[in-house]
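Student: Sharing input.cif (mmCIF, C-alpha atoms) below.
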data_data
#
loop_
_atom_site.label_atom_id
_atom_site.label_comp_id
_atom_site.auth_asym_id
_atom_site.auth_seq_id
_atom_site.Cartn_x
_atom_site.Cartn_y
_atom_site.Cartn_z
CA MET A 9 41.96 -10.46 -7.51
CA THR A 10 40.29 -13.12 -9.67
CA ASN A 11 39.86 -15.37 -6.65
CA ILE A 12 37.87 -12.74 -4.81
CA SER A 13 35.93 -12.03 -8.00
CA ASP A 14 35.00 -15.71 -8.47
CA TRP A 15 33.95 -16.07 -4.90
CA VAL A 16 31.79 -12.93 -4.98
CA GLN A 17 30.17 -14.05 -8.21
CA ALA A 18 29.07 -17.27 -6.51
CA ASN A 19 27.58 -15.43 -3.53
CA ALA A 20 24.55 -13.29 -4.26
CA ALA A 21 24.60 -12.00 -0.69
CA VAL A 22 27.83 -10.09 -1.35
CA SER A 23 26.34 -8.08 -4.24
CA LEU A 24 23.26 -7.37 -2.17
CA PHE A 25 25.45 -6.31 0.74
CA ILE A 26 27.41 -3.95 -1.53
CA THR A 27 24.16 -2.23 -2.58
CA LEU A 28 22.69 -1.99 0.90
CA SER A 29 25.84 -0.85 2.68
CA CYS A 30 26.91 1.65 0.00
CA TYR A 31 23.45 3.20 -0.06
CA TYR A 32 23.38 3.35 3.73
CA LEU A 33 26.78 5.06 3.86
CA CYS A 34 25.90 7.54 1.12
CA LEU A 35 22.60 8.33 2.79
CA SER A 36 24.41 9.00 6.09
CA LEU A 37 26.91 11.22 4.29
CA TYR A 38 24.05 13.14 2.64
CA LYS A 39 22.35 13.66 6.01
CA ARG A 40 25.64 14.63 7.67
CA PHE A 41 26.10 17.39 5.05
CA ASN A 42 22.60 18.75 5.61
CA HIS A 43 21.05 17.30 2.45
CA LEU A 44 23.54 18.97 0.11
CA ALA A 45 22.02 18.36 -3.36
CA ILE A 46 25.32 17.46 -5.03
CA LEU A 47 25.65 14.52 -2.58
CA GLN A 48 22.33 13.04 -3.76
CA PRO A 49 22.58 9.56 -2.17
CA VAL A 50 21.37 7.46 -5.12
CA MET A 51 23.77 9.20 -7.51
CA VAL A 52 26.72 8.96 -5.14
CA SER A 53 26.02 5.30 -4.26
CA ILE A 54 25.86 4.43 -7.97
CA ILE A 55 29.32 6.00 -8.42
CA VAL A 56 30.70 4.20 -5.36
CA ILE A 57 29.22 0.83 -6.38
CA ILE A 58 30.57 1.15 -9.94
CA SER A 59 34.03 1.78 -8.46
CA VAL A 60 33.73 -1.23 -6.14
CA LEU A 61 32.51 -3.53 -8.94
CA THR A 62 35.29 -2.35 -11.25
CA PHE A 63 37.87 -2.87 -8.52
CA ILE A 64 36.83 -6.43 -7.64
CA GLU A 65 36.04 -7.20 -11.28
CA ILE A 66 32.38 -8.10 -11.03
CA PRO A 67 30.49 -7.81 -14.34
CA TYR A 68 27.30 -5.73 -14.17
CA GLN A 69 25.14 -8.66 -15.34
CA THR A 70 26.14 -10.70 -12.28
CA TYR A 71 25.65 -7.77 -9.94
CA PHE A 72 22.22 -7.03 -11.39
CA GLN A 73 21.11 -10.67 -11.22
CA HIS A 74 22.07 -10.80 -7.55
CA ASN A 75 20.29 -7.53 -6.85
CA TYR A 76 17.15 -8.48 -8.72
CA PRO A 77 15.14 -8.86 -5.46
CA ILE A 78 15.70 -5.13 -4.78
CA HIS A 79 15.02 -4.11 -8.39
CA PHE A 80 11.84 -6.21 -8.51
CA LEU A 81 10.22 -4.14 -5.74
CA LEU A 82 10.23 -1.10 -8.07
CA GLY A 83 6.98 -2.36 -9.64
CA PRO A 84 4.84 -2.41 -6.47
CA ALA A 85 6.64 0.74 -5.21
CA THR A 86 5.56 2.61 -8.34
CA VAL A 87 1.98 1.49 -7.72
CA ALA A 88 2.37 2.78 -4.13
CA LEU A 89 2.90 6.31 -5.55
CA ALA A 90 -0.91 6.35 -5.81
CA ILE A 91 -1.08 6.86 -2.02
CA PRO A 92 0.59 10.31 -1.81
CA LEU A 93 -1.51 11.37 -4.81
CA TYR A 94 -4.68 10.11 -3.11
CA LYS A 95 -3.78 11.89 0.14
CA ASN A 96 -3.61 15.15 -1.84
CA LYS A 97 -6.84 14.58 -3.73
CA ASP A 98 -8.52 17.65 -2.24
CA ARG A 99 -5.66 19.90 -3.23
CA ILE A 100 -5.61 18.39 -6.72
CA LYS A 101 -9.35 19.03 -7.10
CA GLU A 102 -9.05 22.57 -5.81
CA LEU A 103 -6.19 23.48 -8.14
CA ALA A 104 -7.14 21.13 -10.97
CA ILE A 105 -6.99 23.61 -13.84
CA PRO A 106 -3.75 25.50 -13.14
CA LEU A 107 -2.03 22.28 -12.00
CA CYS A 108 -3.07 20.31 -15.07
CA LEU A 109 -2.15 23.14 -17.44
CA ALA A 110 1.25 23.59 -15.81
CA VAL A 111 1.90 19.84 -15.85
CA ILE A 112 0.76 19.32 -19.46
CA ILE A 113 2.57 22.33 -20.93
CA GLY A 114 5.53 22.20 -18.53
CA GLY A 115 5.94 18.44 -18.76
CA SER A 116 5.95 18.60 -22.56
CA MET A 117 8.40 21.51 -22.55
CA ALA A 118 10.79 19.67 -20.25
CA VAL A 119 10.90 16.73 -22.66
CA PHE A 120 11.03 18.85 -25.79
CA ILE A 121 13.71 21.41 -24.86
CA SER A 122 16.29 18.85 -23.75
CA ILE A 123 15.72 16.59 -26.72
CA LEU A 124 15.99 19.55 -29.07
CA ILE A 125 19.31 20.63 -27.55
CA ALA A 126 20.75 17.10 -27.64
CA TRP A 127 19.47 16.55 -31.18
CA GLY A 128 20.97 19.86 -32.33
CA LEU A 129 24.32 18.79 -30.92
CA GLY A 130 24.18 15.49 -32.78
CA ALA A 131 23.21 12.98 -30.07
CA SER A 132 22.36 9.44 -31.21
CA ASN A 133 18.83 8.05 -31.16
CA GLU A 134 19.58 5.87 -28.13
CA VAL A 135 20.66 8.91 -26.14
CA LEU A 136 17.73 11.04 -27.36
CA LEU A 137 15.19 8.39 -26.38
CA SER A 138 16.89 7.84 -23.03
CA LEU A 139 16.82 11.60 -22.38
CA ALA A 140 13.10 11.91 -23.09
CA PRO A 141 11.75 10.88 -19.66
CA LYS A 142 14.52 12.70 -17.74
CA SER A 143 12.26 15.09 -15.82
CA VAL A 144 10.04 12.32 -14.48
CA THR A 145 10.40 10.65 -11.10
CA THR A 146 12.98 7.84 -11.52
CA PRO A 147 10.78 4.71 -11.09
CA ILE A 148 8.31 5.98 -13.70
CA ALA A 149 11.15 7.20 -15.95
CA LEU A 150 12.73 3.73 -15.85
CA SER A 151 9.53 2.02 -16.96
CA ILE A 152 8.87 4.65 -19.66
CA SER A 153 12.43 4.19 -20.90
CA ASP A 154 11.90 0.45 -21.05
CA SER A 155 8.59 0.72 -22.88
CA ILE A 156 9.83 3.19 -25.53
CA GLY A 157 12.87 1.03 -26.28
CA ALA A 158 15.45 3.36 -24.73
CA ILE A 159 18.20 2.31 -22.29
CA PRO A 160 16.80 2.39 -18.72
CA SER A 161 20.25 2.58 -17.08
CA LEU A 162 21.13 5.67 -19.14
CA THR A 163 17.76 7.17 -18.30
CA ALA A 164 18.41 6.56 -14.59
CA ALA A 165 21.68 8.49 -14.82
CA PHE A 166 20.08 11.35 -16.80
CA VAL A 167 17.13 11.58 -14.41
CA LEU A 168 19.38 11.75 -11.35
CA ILE A 169 21.65 14.41 -12.88
CA THR A 170 18.59 16.41 -13.97
CA GLY A 171 17.29 16.29 -10.40
CA VAL A 172 20.61 17.45 -8.98
CA VAL A 173 20.93 20.26 -11.58
CA GLY A 174 17.37 21.34 -10.79
CA ALA A 175 17.96 21.29 -7.05
CA VAL A 176 21.24 23.22 -7.26
CA PHE A 177 20.07 25.87 -9.76
CA ALA A 178 16.45 26.32 -8.63
CA GLU A 179 17.02 29.17 -6.19
CA PRO A 180 19.47 31.19 -8.33
CA LEU A 181 17.14 30.79 -11.34
CA PHE A 182 14.10 31.95 -9.39
CA ARG A 183 16.08 34.93 -8.14
CA LEU A 184 17.06 35.71 -11.74
CA ILE A 185 13.44 35.92 -12.89
CA GLY A 186 12.24 37.44 -9.62
CA GLU A 187 9.91 34.61 -8.70
CA GLU A 188 8.71 34.82 -5.10
CA ASP A 189 5.60 32.67 -4.98
CA ASP A 190 6.38 29.35 -3.28
CA GLY A 191 3.52 27.60 -5.07
CA ILE A 192 4.86 28.50 -8.50
CA LYS A 193 8.43 27.64 -7.46
CA GLY A 194 7.19 24.25 -6.24
CA MET A 195 5.40 23.50 -9.49
CA ALA A 196 8.41 24.46 -11.63
CA ILE A 197 10.70 22.33 -9.44
CA GLY A 198 8.36 19.32 -9.36
CA ILE A 199 7.77 19.34 -13.11
CA THR A 200 11.45 19.61 -14.09
CA ALA A 201 13.39 18.07 -11.22
CA HIS A 202 11.08 15.35 -9.76
CA GLY A 203 11.94 13.82 -6.36
CA VAL A 204 15.46 15.17 -6.03
CA GLY A 205 14.11 18.67 -6.66
CA THR A 206 11.24 18.08 -4.26
CA ALA A 207 13.74 17.45 -1.46
CA LYS A 208 15.11 20.94 -2.21
CA ALA A 209 11.60 22.43 -2.48
CA LEU A 210 10.81 21.13 1.01
CA GLU A 211 13.76 23.16 2.32
CA ILE A 212 12.40 26.34 0.69
CA SER A 213 9.06 25.91 2.49
CA PRO A 214 6.48 23.19 3.24
CA GLN A 215 4.12 24.81 0.73
CA CYS A 216 6.79 24.75 -1.98
CA GLY A 217 7.47 21.10 -1.14
CA ALA A 218 3.79 20.14 -1.30
CA PHE A 219 3.35 21.78 -4.71
CA SER A 220 6.54 20.17 -5.94
CA ALA A 221 5.51 16.67 -4.79
CA LEU A 222 2.10 17.10 -6.33
CA SER A 223 3.38 18.33 -9.72
CA MET A 224 6.00 15.59 -9.68
CA GLY A 225 3.34 12.86 -9.32
CA LEU A 226 1.10 14.36 -11.98
CA THR A 227 4.01 14.95 -14.39
CA GLY A 228 5.00 11.29 -13.96
CA ALA A 229 1.50 10.10 -14.77
CA TYR A 230 1.07 12.56 -17.67
CA THR A 231 4.43 11.71 -19.28
CA ALA A 232 3.85 7.97 -18.89
CA LEU A 233 0.45 8.30 -20.58
CA VAL A 234 1.53 10.53 -23.47
CA LEU A 235 5.21 9.97 -24.26
CA PRO A 236 4.95 6.28 -25.31
CA TYR A 237 2.18 7.19 -27.77
CA ALA A 238 4.09 10.21 -29.09
CA ILE A 239 7.13 7.98 -29.74
CA ALA A 240 4.93 5.33 -31.38
CA ILE A 241 3.47 7.97 -33.71
CA LEU A 242 6.94 9.29 -34.60
CA ARG A 243 8.00 5.71 -35.33
CA SER A 244 4.99 5.01 -37.53
CA GLN A 245 5.83 8.18 -39.53
CA ASN A 246 9.41 6.90 -39.90
CA ILE A 247 10.76 9.99 -38.14
CA LEU A 248 12.30 7.70 -35.53
CA PRO A 249 13.78 4.28 -36.29
CA MET B 5 1.15 -5.03 6.09
CA LEU B 6 0.16 -8.24 4.26
CA LEU B 7 -3.09 -6.70 3.08
CA GLY B 8 -1.23 -3.60 1.89
CA ILE B 9 1.43 -5.49 -0.07
CA SER B 10 -1.26 -7.77 -1.55
CA ILE B 11 -3.25 -4.76 -2.75
CA LEU B 12 -0.11 -3.22 -4.28
CA PHE B 13 0.73 -6.47 -6.09
CA PHE B 14 -2.87 -6.89 -7.18
CA PHE B 15 -2.90 -3.47 -8.84
CA TYR B 16 0.59 -4.00 -10.25
CA ILE B 17 -0.60 -7.22 -11.91
CA LEU B 18 -3.87 -5.58 -12.98
CA GLY B 19 -1.90 -2.71 -14.56
CA GLU B 20 0.40 -5.10 -16.42
CA PHE B 21 -2.64 -7.12 -17.52
CA VAL B 22 -4.63 -4.13 -18.80
CA VAL B 23 -1.61 -2.73 -20.66
CA HIS B 24 -0.89 -6.12 -22.21
CA PHE B 25 -4.52 -6.71 -23.12
CA LEU B 26 -4.94 -3.28 -24.72
CA ALA B 27 -1.50 -3.56 -26.38
CA SER B 28 -0.76 -0.14 -24.87
CA PRO B 29 2.78 1.27 -24.69
CA ILE B 30 2.02 2.74 -21.22
CA PRO B 31 4.20 1.09 -18.53
CA GLY B 32 2.19 -1.48 -16.53
CA SER B 33 3.34 -0.21 -13.14
CA VAL B 34 2.14 3.32 -13.96
CA ALA B 35 -1.18 1.91 -15.20
CA GLY B 36 -1.41 0.06 -11.87
CA MET B 37 -0.73 3.31 -9.99
CA LEU B 38 -3.47 5.14 -11.91
CA LEU B 39 -5.92 2.24 -11.44
CA LEU B 40 -5.24 2.19 -7.69
CA PHE B 41 -5.64 5.98 -7.50
CA THR B 42 -8.96 5.81 -9.40
CA PHE B 43 -10.13 2.91 -7.25
CA LEU B 44 -9.37 4.85 -4.05
CA LEU B 45 -11.21 7.91 -5.36
CA PHE B 46 -14.32 5.82 -5.99
CA TRP B 47 -13.96 3.80 -2.78
CA GLY B 48 -13.64 7.05 -0.84
CA LYS B 49 -11.12 5.81 1.71
CA ALA B 50 -7.79 3.99 1.75
CA PRO B 51 -7.30 0.91 4.00
CA LYS B 52 -4.90 1.76 6.84
CA GLY B 53 -2.70 -1.23 6.04
CA LEU B 54 -2.31 -0.02 2.46
CA ILE B 55 -1.25 3.45 3.60
CA THR B 56 1.36 2.19 6.09
CA THR B 57 2.78 -0.40 3.68
CA SER B 58 2.96 2.11 0.82
CA GLU B 59 4.58 4.81 2.91
CA ASN B 60 7.14 2.36 4.29
CA LEU B 61 7.91 1.06 0.81
CA LEU B 62 8.23 4.60 -0.58
CA LEU B 63 10.70 5.41 2.19
CA TYR B 64 13.07 2.95 0.49
CA LEU B 65 12.19 3.92 -3.08
CA PRO B 66 15.58 5.59 -3.69
CA LEU B 67 17.38 2.37 -2.72
CA LEU B 68 15.30 0.38 -5.22
CA LEU B 69 16.66 2.55 -8.04
CA VAL B 70 20.30 1.76 -7.34
CA PRO B 71 20.68 -1.64 -9.11
CA ALA B 72 19.28 -0.26 -12.39
CA GLY B 73 21.31 2.94 -12.05
CA VAL B 74 24.60 1.06 -11.66
CA GLY B 75 23.93 -0.25 -15.19
CA VAL B 76 25.22 3.05 -16.55
CA MET B 77 28.70 1.51 -16.17
CA GLN B 78 28.02 -0.41 -19.39
CA TYR B 79 27.63 2.80 -21.37
CA PHE B 80 30.69 4.85 -20.49
CA GLU B 81 31.91 4.78 -24.11
CA LEU B 82 28.60 6.12 -25.43
CA LEU B 83 28.52 8.79 -22.72
CA LYS B 84 32.05 9.89 -23.55
CA GLU B 85 31.32 10.11 -27.28
CA GLU B 86 28.22 12.25 -26.79
CA ALA B 87 29.32 14.05 -23.65
CA ILE B 88 28.80 17.58 -24.96
CA ALA B 89 25.26 16.98 -26.23
CA ILE B 90 24.31 15.21 -22.99
CA ILE B 91 25.81 17.81 -20.67
CA CYS B 92 24.16 20.67 -22.57
CA ALA B 93 20.81 18.90 -22.66
CA LEU B 94 20.94 18.22 -18.93
CA LEU B 95 22.32 21.59 -17.78
CA ILE B 96 20.78 24.07 -20.21
CA GLY B 97 17.67 22.00 -20.91
CA THR B 98 16.77 21.61 -17.24
CA SER B 99 17.49 25.25 -16.32
CA LEU B 100 15.65 26.62 -19.33
CA SER B 101 12.61 24.38 -18.70
CA MET B 102 12.49 25.47 -15.07
CA ILE B 103 12.55 29.18 -15.98
CA LEU B 104 9.95 28.81 -18.74
CA ILE B 105 7.62 26.74 -16.57
CA ALA B 106 7.85 29.25 -13.72
CA LEU B 107 7.15 32.16 -16.11
CA PHE B 108 4.30 30.32 -17.75
CA THR B 109 2.71 29.26 -14.46
CA ARG B 110 3.12 32.77 -13.08
CA SER B 111 1.28 34.34 -16.00
CA PHE B 112 -1.45 31.78 -15.61
CA PHE B 113 -1.81 32.22 -11.86
CA LYS B 114 -2.07 35.97 -12.31
CA LEU B 115 -5.13 35.43 -14.47
CA LYS B 116 -6.66 32.93 -12.07
CA LYS B 117 -7.29 33.24 -8.33
CA PRO B 118 -3.83 34.07 -7.01
CA SER B 119 -5.11 34.22 -3.43
CA ARG B 120 -5.91 30.51 -3.41
CA VAL B 121 -2.26 29.59 -3.62
CA GLU B 122 -1.30 31.53 -0.52
CA ASN B 123 -3.67 29.63 1.74
CA ASN B 124 -2.12 26.23 1.39
CA ASP B 125 -0.12 25.18 4.46
#
Please render this file's structure as structure tokens.
Tutor:
Amino acid sequence: MTNISDWVQANAAVSLFITLSCYYLCLSLYKRFNHLAILQPVMVSIIVIISVLTFIEIPYQTYFQHNYPIHFLLGPATVALAIPLYKNKDRIKELAIPLCLAVIIGGSMAVFISILIAWGLGASNEVLLSLAPKSVTTPIALSISDSIGAIPSLTAAFVLITGVVGAVFAEPLFRLIGEEDDGIKGMAIGITAHGVGTAKALEISPQCGAFSALSMGLTGAYTALVLPYAIAILRSQNILP
Amino acid sequence: MLLGISILFFFYILGEFVVHFLASPIPGSVAGMLLLFTFLLFWGKAPKGLITTSENLLLYLPLLLVPAGVGVMQYFELLKEEAIAIICALLIGTSLSMILIALFTRSFFKLKKPSRVENND
């Protein structure tokens, strides 16, 4: 096994191939099963790749170094999120007040409730900080996590699971509270369950999907603007180390 | 394509620069996104090349998250130790937030123009 491991570690192309092929296969599987939320392709490919790396004994550092070209594109891709926001500028203007209120109050609640639960159950500071951006779209969550001194990889896992939980439970929860308006459903999904939830919202209806995508983008921007300052204030008051 | 990717990199760098210069804890890429959004609002139109490049790049956004996500393999011990807190935060926290946000938004929409929402799409 070590021979294979040594050889792979000297060939960046192999690590890149593992990422590309695993993601492709998981994406095909997800499509084959009609976009079943629990088969969320990023989450499943992470699990598959971890198994492969463990099996051929490749340390994560090596894998990440080899895959840096893919990771690096996250920066410009996050900037590109401005385009879908810009395309919806008329809708944002039209619904500015309810959207902003929902995003500000909802986005804060999403952060607060989860942290409170984890804190009450004795989670460590690392985990609490990494949980904070969990309702935000993954690329933005990763950079928030990095800038508040949390662990981006943990955040990535939490964000993905949050999205899957949101997508799976959205419809039963809305039935429970008797919510029938697709606009409101979309906002609640977009604010709590980001992109993974938005995929689900699009299945409910195009209107639900549009509201979800919109709230997702605004929640990402809002959380990225406010959370780092909130953490900095908590740190300056010695509430957080 | 080249114009689009250049614009994206320009705003990415600009975002990083502004954040660094203002010593702000806001992530540079998000600052770049907001700067580009503001710029487009003032400019009034988006170059076609920028739209196609961005939409193509965003098509692969999920793939770009994979290398960072695999890093969770380094933290299995931590996850195991705090499993209960994490599972409760993710399951109950997410469900509870979703219900509360829906209820809150509903009460707000009832006060304000509920008809507006129906017309979209």
Student: How far is it from CA of Val52 in chain A to CA of Ser143 in chain A, in Å with one decimal?
Tutor: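 If I compute the distance from CA of Val52 in chain A to CA of Ser143 in chain A, I get 19.0 Å.
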Student: Any chance you could tabulate, as a Markdown table, the residues of chain B at most 7 Å from chain A with each one's nearest atom pair and distance in Å to one decimal, using all atoms listed in the file, in chain and rising number order?
Tutor:
| residue | atom | partner | partner_atom | distance |
| --- | --- | --- | --- | --- |
| B:Leu12 | CA | A:Pro84 | CA | 5.5 |
| B:Phe13 | CA | A:Pro84 | CA | 5.8 |
| B:Tyr16 | CA | A:Pro84 | CA | 5.9 |
| B:Pro29 | CA | A:Pro236 | CA | 5.5 |
| B:Ile30 | CA | A:Leu233 | CA | 5.8 |
| B:Pro31 | CA | A:Ser151 | CA | 5.6 |
| B:Ser33 | CA | A:Gly83 | CA | 5.5 |
| B:Val34 | CA | A:Val87 | CA | 6.5 |
| B:Gly36 | CA | A:Val87 | CA | 5.5 |
| B:Met37 | CA | A:Val87 | CA | 4.0 |
| B:Leu38 | CA | A:Ala90 | CA | 6.7 |
| B:Leu40 | CA | A:Ala90 | CA | 6.3 |
| B:Phe41 | CA | A:Ala90 | CA | 5.0 |
| B:Ile55 | CA | A:Ile91 | CA | 6.6 |
| B:Ser58 | CA | A:Ala88 | CA | 5.0 |
| B:Leu61 | CA | A:Ala85 | CA | 6.2 |
| B:Leu62 | CA | A:Ala85 | CA | 6.2 |
| B:Leu65 | CA | A:Ala85 | CA | 6.7 |
| B:Pro66 | CA | A:Val50 | CA | 6.3 |
| B:Leu67 | CA | A:Tyr31 | CA | 6.7 |
| B:Leu68 | CA | A:His79 | CA | 5.5 |
| B:Leu69 | CA | A:His79 | CA | 6.9 |
| B:Val70 | CA | A:Ile54 | CA | 6.2 |
| B:Pro71 | CA | A:Phe72 | CA | 6.1 |
| B:Ala72 | CA | A:Ser161 | CA | 5.6 |
| B:Gly73 | CA | A:Ser161 | CA | 5.2 |
| B:Val74 | CA | A:Ile54 | CA | 5.2 |
| B:Gly75 | CA | A:Ser161 | CA | 5.0 |
| B:Val76 | CA | A:Ser161 | CA | 5.0 |
| B:Met77 | CA | A:Ile58 | CA | 6.5 |
| B:Glu86 | CA | A:Ala131 | CA | 6.0 |
| B:Ala89 | CA | A:Ala126 | CA | 4.7 |
| B:Ile90 | CA | A:Ala126 | CA | 6.2 |
| B:Cys92 | CA | A:Ile125 | CA | 7.0 |
| B:Ala93 | CA | A:Ser122 | CA | 4.6 |
| B:Leu94 | CA | A:Thr170 | CA | 5.8 |
| B:Leu95 | CA | A:Val173 | CA | 6.5 |
| B:Gly97 | CA | A:Ser122 | CA | 4.5 |
| B:Thr98 | CA | A:Thr170 | CA | 6.4 |
| B:Ser99 | CA | A:Gly174 | CA | 6.8 |
| B:Ser101 | CA | A:Ala118 | CA | 5.3 |
| B:Met102 | CA | A:Ala196 | CA | 5.4 |
| B:Ile103 | CA | A:Leu181 | CA | 6.7 |
| B:Ile105 | CA | A:Gly114 | CA | 5.4 |
| B:Ala106 | CA | A:Ala196 | CA | 5.3 |
| B:Thr109 | CA | A:Ala110 | CA | 6.0 |
| B:Arg110 | CA | A:Ile192 | CA | 6.5 |
| B:Val121 | CA | A:Gly191 | CA | 6.3 |
| B:Asn124 | CA | A:Gln215 | CA | 6.4 |
| B:Asp125 | CA | A:Gln215 | CA | 5.7 |
Student: Mind telling me what the PyMOL selection byres ((chain B and resi 9) around 9) catches here, as number ranges by chain?
Tutor: A: 84; B: 5-8, 10-14, 53-54, 57-58
Student: Just to confirm, what's the straight-line distance from CA of Tyr230 in chain A to CA of Phe15 in chain B in Å (one decimal)?
Tutor: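 Calculated distance between CA of Tyr230 in chain A and CA of Phe15 in chain B is 18.7 Å.
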Student: For the atom pair CA of Leu242 in chain A and CA of Glu81 in chain B, what is the interatomic distance in Å to one decimal place?
Tutor: 27.5 Å
Student: Given 4 Å of margin on each side, can you work out the centre and size in Å (one decimal) of an axis-aligned box holding every listed atom of range 76-89 of chain B, as JSON?
Tutor:
{"center_x": 28.6, "center_y": 8.6, "center_z": -21.7, "size_x": 14.8, "size_y": 26.0, "size_z": 19.1}
